[in-house]
Amino acid sequence: MSGRELTLLGEGGVELLGRIPRGSNAAFLVRVSCGDDSAYAVYKPESGERPLLDFEPGLYRRERAAYLLSEHLGWGIVPPTVIRADAPLGIGSLQWFVECDFSEHYFTLYADSPETHRILLQIALFDCIANNTDRKSGHVLRGHDGRVWGIDHGLCFSAGFKLRTVIWDFAGAPIPAALLEDITPLAEAVPPEVAGLLDDAEVAALQRRVQRLLLTGMLPVDRTGMRYPWPLV
């Protein structure tokens, strides 16, 4: 994506259009506009977060951190995401809205579109690094242009191991050498722009997860059968 998306998200006027249903935390469809240019985005305000025992308020920071981590790796998995303090319901994240067929999601892509398996494995690896606690099938989208995205990363980066995902089809698979090369620098240092959105324990845990992946060279296996989010889609 080009700088247009970040300009609209970061500088555009924000018009609240309506709440997106079914999420446990409030998320809103908004229109962002700069002059004659406009687009849709997903707005997740801190004021709409449900209190959690294992995550501090401010899940919007984790949404932004996931985008920055994806960009740092050069993977482009997460749609452009910014933090806006001046949004209608207060500070929160604004993420570019992916125009797609919502009947497609991880399960359908894996079953029907083998050409997506490479990027689906990459998303699985990203989730291991980010310690994604909530990778539902519906959090994997294929845009109308064919590009596959991962969305909804508010429950990521916990210091404690909390991986819950539907993407277990690649469990035990070797991590491609190119992806291992991409993640290797994270074992020594997390980019400051990502680290600044997390606490010290979370940054250290991210490095340990990367170190473990480099040591094993393969995606983890769930031997408990319990590491699934609910609902699955």
# chains A, B, ... in the order shown; residues from 1 in each chain; ligands from 1
call {"tool": "select_by_dssp", "arguments": {"residues": "chain A", "states": "strand (DSSP E)", "output": "PyMOL selection string"}}
result
chain A and resi 13-19+28-34+37-45+81-84+92-96+140-142+148-150
call {"tool": "select_by_dssp", "arguments": {"residues": "segment 20-74 of chain A", "states": "alpha helix (DSSP H)", "output": "list in words"}}
result
Leu59, Tyr60, Arg61, Arg62, Glu63, Arg64, Ala65, Ala66, Tyr67, Leu68, Leu69, Ser70, Glu71, His72 and Leu73 of chain A
call {"tool": "closest_residue", "arguments": {"among": "A:Leu89, A:Leu69, A:Cys100, A:Ala201", "to": "Ala26 of chain A", "atoms": "only C-alpha atoms"}}
result
A:Leu89
call {"tool": "atom_distance", "arguments": {"atom1": "atom CA of Lys162 of chain A", "atom2": "atom CA of Asp134 of chain A"}}
result
9.1 Å
call {"tool": "closest_residue", "arguments": {"among": "A:Ser70, A:Ile20, A:Gly48, A:Glu15", "to": "Ser33 of chain A", "atoms": "only C-alpha atoms"}}
result
A:Glu15
call {"tool": "atom_distance", "arguments": {"atom1": "atom CA of His105 of chain A", "atom2": "atom CA of Trp149 of chain A"}}
result
10.0 Å
call {"tool": "residues_around", "arguments": {"residues": "Val30 of chain A", "least_positions_apart": "5", "cutoff": "10 Å", "atoms": "only C-alpha atoms", "output": "MDAnalysis selection string"}}
result
chainID A and resid 13:20 39:43 87:88 94:97
call {"tool": "write_last_selection", "arguments": {"atoms": "N, CA and C atoms", "output": "PDB file, in the first residue's frame"}}
result
ATOM      1  N   GLY A  13     -10.181  13.600   8.478  1.00  0.00           N
ATOM      2  CA  GLY A  13     -11.322  13.698   9.364  1.00  0.00           C
ATOM      3  C   GLY A  13     -11.949  12.323   9.549  1.00  0.00           C
ATOM      4  N   VAL A  14     -12.484  12.071  10.725  1.00  0.00           N
ATOM      5  CA  VAL A  14     -13.029  10.752  11.056  1.00  0.00           C
ATOM      6  C   VAL A  14     -14.530  10.877  11.284  1.00  0.00           C
ATOM      7  N   GLU A  15     -15.304  10.205  10.439  1.00  0.00           N
ATOM      8  CA  GLU A  15     -16.768  10.218  10.546  1.00  0.00           C
ATOM      9  C   GLU A  15     -17.245   8.850  11.015  1.00  0.00           C
ATOM     10  N   LEU A  16     -17.913   8.814  12.148  1.00  0.00           N
ATOM     11  CA  LEU A  16     -18.409   7.567  12.723  1.00  0.00           C
ATOM     12  C   LEU A  16     -19.629   7.105  11.935  1.00  0.00           C
ATOM     13  N   LEU A  17     -19.586   5.893  11.384  1.00  0.00           N
ATOM     14  CA  LEU A  17     -20.689   5.384  10.574  1.00  0.00           C
ATOM     15  C   LEU A  17     -21.550   4.369  11.323  1.00  0.00           C
ATOM     16  N   GLY A  18     -20.961   3.554  12.165  1.00  0.00           N
ATOM     17  CA  GLY A  18     -21.740   2.558  12.892  1.00  0.00           C
ATOM     18  C   GLY A  18     -20.860   1.529  13.551  1.00  0.00           C
ATOM     19  N   ARG A  19     -21.436   0.839  14.518  1.00  0.00           N
ATOM     20  CA  ARG A  19     -20.678  -0.181  15.242  1.00  0.00           C
ATOM     21  C   ARG A  19     -20.638  -1.485  14.455  1.00  0.00           C
ATOM     22  N   ILE A  20     -19.471  -2.130  14.450  1.00  0.00           N
ATOM     23  CA  ILE A  20     -19.321  -3.441  13.822  1.00  0.00           C
ATOM     24  C   ILE A  20     -19.806  -4.484  14.824  1.00  0.00           C
ATOM     25  N   ALA A  39     -11.919   7.092   2.479  1.00  0.00           N
ATOM     26  CA  ALA A  39     -11.887   5.632   2.513  1.00  0.00           C
ATOM     27  C   ALA A  39     -12.497   5.179   3.827  1.00  0.00           C
ATOM     28  N   TYR A  40     -12.749   3.881   3.916  1.00  0.00           N
ATOM     29  CA  TYR A  40     -13.269   3.312   5.151  1.00  0.00           C
ATOM     30  C   TYR A  40     -12.120   2.825   6.031  1.00  0.00           C
ATOM     31  N   ALA A  41     -12.370   2.826   7.340  1.00  0.00           N
ATOM     32  CA  ALA A  41     -11.405   2.309   8.304  1.00  0.00           C
ATOM     33  C   ALA A  41     -12.158   1.697   9.478  1.00  0.00           C
ATOM     34  N   VAL A  42     -11.441   0.924  10.267  1.00  0.00           N
ATOM     35  CA  VAL A  42     -11.992   0.327  11.485  1.00  0.00           C
ATOM     36  C   VAL A  42     -11.372   1.043  12.679  1.00  0.00           C
ATOM     37  N   TYR A  43     -12.235   1.557  13.530  1.00  0.00           N
ATOM     38  CA  TYR A  43     -11.828   2.355  14.691  1.00  0.00           C
ATOM     39  C   TYR A  43     -12.108   1.567  15.957  1.00  0.00           C
ATOM     40  N   ALA A  87      -9.958  11.031  17.672  1.00  0.00           N
ATOM     41  CA  ALA A  87     -11.088  10.337  17.051  1.00  0.00           C
ATOM     42  C   ALA A  87     -12.366  10.576  17.862  1.00  0.00           C
ATOM     43  N   PRO A  88     -13.537  10.297  17.285  1.00  0.00           N
ATOM     44  CA  PRO A  88     -14.800  10.710  17.912  1.00  0.00           C
ATOM     45  C   PRO A  88     -15.032  10.204  19.332  1.00  0.00           C
ATOM     46  N   LEU A  94      -6.903   3.205  14.387  1.00  0.00           N
ATOM     47  CA  LEU A  94      -7.612   3.280  13.108  1.00  0.00           C
ATOM     48  C   LEU A  94      -6.865   2.362  12.142  1.00  0.00           C
ATOM     49  N   GLN A  95      -7.589   1.391  11.584  1.00  0.00           N
ATOM     50  CA  GLN A  95      -6.977   0.441  10.659  1.00  0.00           C
ATOM     51  C   GLN A  95      -7.709   0.479   9.323  1.00  0.00           C
ATOM     52  N   TRP A  96      -6.923   0.469   8.261  1.00  0.00           N
ATOM     53  CA  TRP A  96      -7.469   0.483   6.913  1.00  0.00           C
ATOM     54  C   TRP A  96      -8.457  -0.672   6.740  1.00  0.00           C
ATOM     55  N   PHE A  97      -9.633  -0.383   6.201  1.00  0.00           N
ATOM     56  CA  PHE A  97     -10.663  -1.399   6.008  1.00  0.00           C
ATOM     57  C   PHE A  97     -10.355  -2.212   4.764  1.00  0.00           C
TER      58      PHE A  97
END
call {"tool": "residues_around", "arguments": {"residues": "Glu188 of chain A", "least_positions_apart": "3", "cutoff": "12 Å", "atoms": "only C-alpha atoms", "output": "list in words"}}
result
Ile183, Thr184, Pro185, Pro191, Val203, Ala204, Ala205, Leu206, Gln207, Arg208, Arg209, Val210, Gln211 and Leu214 of chain A
call {"tool": "decode", "arguments": {"residues": "segment 48-73 of chain A", "atoms": "N, CA, C and O atoms", "output": "PDB file, in the first residue's frame"}}
result
ATOM      1  N   GLY A  48     -14.029   1.759  24.411  1.00  0.00           N
ATOM      2  CA  GLY A  48     -14.915   0.641  24.105  1.00  0.00           C
ATOM      3  C   GLY A  48     -14.343  -0.715  24.473  1.00  0.00           C
ATOM      4  O   GLY A  48     -14.928  -1.750  24.132  1.00  0.00           O
ATOM      5  N   GLU A  49     -13.215  -0.726  25.168  1.00  0.00           N
ATOM      6  CA  GLU A  49     -12.587  -2.000  25.542  1.00  0.00           C
ATOM      7  C   GLU A  49     -13.253  -2.595  26.780  1.00  0.00           C
ATOM      8  O   GLU A  49     -13.520  -1.894  27.757  1.00  0.00           O
ATOM      9  N   ARG A  50     -13.490  -3.893  26.725  1.00  0.00           N
ATOM     10  CA  ARG A  50     -13.995  -4.615  27.885  1.00  0.00           C
ATOM     11  C   ARG A  50     -12.835  -4.897  28.830  1.00  0.00           C
ATOM     12  O   ARG A  50     -11.776  -5.358  28.391  1.00  0.00           O
ATOM     13  N   PRO A  51     -12.986  -4.655  30.147  1.00  0.00           N
ATOM     14  CA  PRO A  51     -11.877  -4.920  31.079  1.00  0.00           C
ATOM     15  C   PRO A  51     -11.451  -6.394  31.042  1.00  0.00           C
ATOM     16  O   PRO A  51     -12.297  -7.291  31.020  1.00  0.00           O
ATOM     17  N   LEU A  52     -10.159  -6.618  31.025  1.00  0.00           N
ATOM     18  CA  LEU A  52      -9.602  -7.966  30.978  1.00  0.00           C
ATOM     19  C   LEU A  52      -8.655  -8.173  32.155  1.00  0.00           C
ATOM     20  O   LEU A  52      -7.993  -7.235  32.604  1.00  0.00           O
ATOM     21  N   LEU A  53      -8.568  -9.406  32.618  1.00  0.00           N
ATOM     22  CA  LEU A  53      -7.673  -9.715  33.724  1.00  0.00           C
ATOM     23  C   LEU A  53      -6.226  -9.817  33.267  1.00  0.00           C
ATOM     24  O   LEU A  53      -5.302  -9.542  34.046  1.00  0.00           O
ATOM     25  N   ASP A  54      -6.012 -10.227  32.005  1.00  0.00           N
ATOM     26  CA  ASP A  54      -4.646 -10.530  31.549  1.00  0.00           C
ATOM     27  C   ASP A  54      -4.078  -9.515  30.571  1.00  0.00           C
ATOM     28  O   ASP A  54      -2.952  -9.685  30.098  1.00  0.00           O
ATOM     29  N   PHE A  55      -4.826  -8.462  30.253  1.00  0.00           N
ATOM     30  CA  PHE A  55      -4.312  -7.391  29.406  1.00  0.00           C
ATOM     31  C   PHE A  55      -4.723  -6.060  30.009  1.00  0.00           C
ATOM     32  O   PHE A  55      -5.891  -5.868  30.376  1.00  0.00           O
ATOM     33  N   GLU A  56      -3.769  -5.141  30.081  1.00  0.00           N
ATOM     34  CA  GLU A  56      -4.069  -3.800  30.566  1.00  0.00           C
ATOM     35  C   GLU A  56      -4.895  -3.038  29.529  1.00  0.00           C
ATOM     36  O   GLU A  56      -4.850  -3.358  28.341  1.00  0.00           O
ATOM     37  N   PRO A  57      -5.649  -2.034  29.943  1.00  0.00           N
ATOM     38  CA  PRO A  57      -6.344  -1.193  28.965  1.00  0.00           C
ATOM     39  C   PRO A  57      -5.351  -0.590  27.964  1.00  0.00           C
ATOM     40  O   PRO A  57      -4.181  -0.382  28.275  1.00  0.00           O
ATOM     41  N   GLY A  58      -5.850  -0.328  26.781  1.00  0.00           N
ATOM     42  CA  GLY A  58      -4.991   0.213  25.731  1.00  0.00           C
ATOM     43  C   GLY A  58      -4.650  -0.822  24.683  1.00  0.00           C
ATOM     44  O   GLY A  58      -3.532  -0.842  24.157  1.00  0.00           O
ATOM     45  N   LEU A  59      -5.618  -1.688  24.357  1.00  0.00           N
ATOM     46  CA  LEU A  59      -5.378  -2.718  23.346  1.00  0.00           C
ATOM     47  C   LEU A  59      -5.056  -2.110  21.984  1.00  0.00           C
ATOM     48  O   LEU A  59      -4.412  -2.751  21.152  1.00  0.00           O
ATOM     49  N   TYR A  60      -5.485  -0.865  21.778  1.00  0.00           N
ATOM     50  CA  TYR A  60      -5.202  -0.192  20.502  1.00  0.00           C
ATOM     51  C   TYR A  60      -3.697  -0.095  20.254  1.00  0.00           C
ATOM     52  O   TYR A  60      -3.250  -0.085  19.099  1.00  0.00           O
ATOM     53  N   ARG A  61      -2.907  -0.014  21.341  1.00  0.00           N
ATOM     54  CA  ARG A  61      -1.451   0.048  21.162  1.00  0.00           C
ATOM     55  C   ARG A  61      -0.919  -1.247  20.550  1.00  0.00           C
ATOM     56  O   ARG A  61       0.043  -1.233  19.769  1.00  0.00           O
ATOM     57  N   ARG A  62      -1.529  -2.356  20.908  1.00  0.00           N
ATOM     58  CA  ARG A  62      -1.100  -3.649  20.374  1.00  0.00           C
ATOM     59  C   ARG A  62      -1.488  -3.790  18.901  1.00  0.00           C
ATOM     60  O   ARG A  62      -0.776  -4.432  18.124  1.00  0.00           O
ATOM     61  N   GLU A  63      -2.623  -3.197  18.540  1.00  0.00           N
ATOM     62  CA  GLU A  63      -2.994  -3.172  17.117  1.00  0.00           C
ATOM     63  C   GLU A  63      -1.912  -2.447  16.308  1.00  0.00           C
ATOM     64  O   GLU A  63      -1.488  -2.910  15.243  1.00  0.00           O
ATOM     65  N   ARG A  64      -1.479  -1.314  16.805  1.00  0.00           N
ATOM     66  CA  ARG A  64      -0.437  -0.543  16.134  1.00  0.00           C
ATOM     67  C   ARG A  64       0.897  -1.295  16.144  1.00  0.00           C
ATOM     68  O   ARG A  64       1.608  -1.330  15.137  1.00  0.00           O
ATOM     69  N   ALA A  65       1.228  -1.916  17.270  1.00  0.00           N
ATOM     70  CA  ALA A  65       2.491  -2.653  17.374  1.00  0.00           C
ATOM     71  C   ALA A  65       2.535  -3.801  16.370  1.00  0.00           C
ATOM     72  O   ALA A  65       3.587  -4.074  15.771  1.00  0.00           O
ATOM     73  N   ALA A  66       1.415  -4.485  16.175  1.00  0.00           N
ATOM     74  CA  ALA A  66       1.380  -5.590  15.214  1.00  0.00           C
ATOM     75  C   ALA A  66       1.643  -5.076  13.802  1.00  0.00           C
ATOM     76  O   ALA A  66       2.392  -5.695  13.030  1.00  0.00           O
ATOM     77  N   TYR A  67       1.045  -3.947  13.455  1.00  0.00           N
ATOM     78  CA  TYR A  67       1.295  -3.365  12.134  1.00  0.00           C
ATOM     79  C   TYR A  67       2.778  -3.004  11.972  1.00  0.00           C
ATOM     80  O   TYR A  67       3.405  -3.326  10.956  1.00  0.00           O
ATOM     81  N   LEU A  68       3.333  -2.358  12.984  1.00  0.00           N
ATOM     82  CA  LEU A  68       4.733  -1.936  12.888  1.00  0.00           C
ATOM     83  C   LEU A  68       5.672  -3.134  12.811  1.00  0.00           C
ATOM     84  O   LEU A  68       6.670  -3.114  12.084  1.00  0.00           O
ATOM     85  N   LEU A  69       5.362  -4.197  13.549  1.00  0.00           N
ATOM     86  CA  LEU A  69       6.191  -5.396  13.492  1.00  0.00           C
ATOM     87  C   LEU A  69       6.127  -6.025  12.102  1.00  0.00           C
ATOM     88  O   LEU A  69       7.155  -6.409  11.531  1.00  0.00           O
ATOM     89  N   SER A  70       4.928  -6.117  11.549  1.00  0.00           N
ATOM     90  CA  SER A  70       4.772  -6.671  10.209  1.00  0.00           C
ATOM     91  C   SER A  70       5.554  -5.852   9.181  1.00  0.00           C
ATOM     92  O   SER A  70       6.219  -6.402   8.294  1.00  0.00           O
ATOM     93  N   GLU A  71       5.485  -4.528   9.314  1.00  0.00           N
ATOM     94  CA  GLU A  71       6.222  -3.670   8.385  1.00  0.00           C
ATOM     95  C   GLU A  71       7.727  -3.801   8.571  1.00  0.00           C
ATOM     96  O   GLU A  71       8.495  -3.816   7.599  1.00  0.00           O
ATOM     97  N   HIS A  72       8.172  -3.892   9.819  1.00  0.00           N
ATOM     98  CA  HIS A  72       9.604  -4.051  10.092  1.00  0.00           C
ATOM     99  C   HIS A  72      10.132  -5.327   9.439  1.00  0.00           C
ATOM    100  O   HIS A  72      11.249  -5.339   8.900  1.00  0.00           O
ATOM    101  N   LEU A  73       9.335  -6.382   9.477  1.00  0.00           N
ATOM    102  CA  LEU A  73       9.753  -7.645   8.872  1.00  0.00           C
ATOM    103  C   LEU A  73       9.662  -7.605   7.345  1.00  0.00           C
ATOM    104  O   LEU A  73      10.221  -8.472   6.673  1.00  0.00           O
TER     105      LEU A  73
END
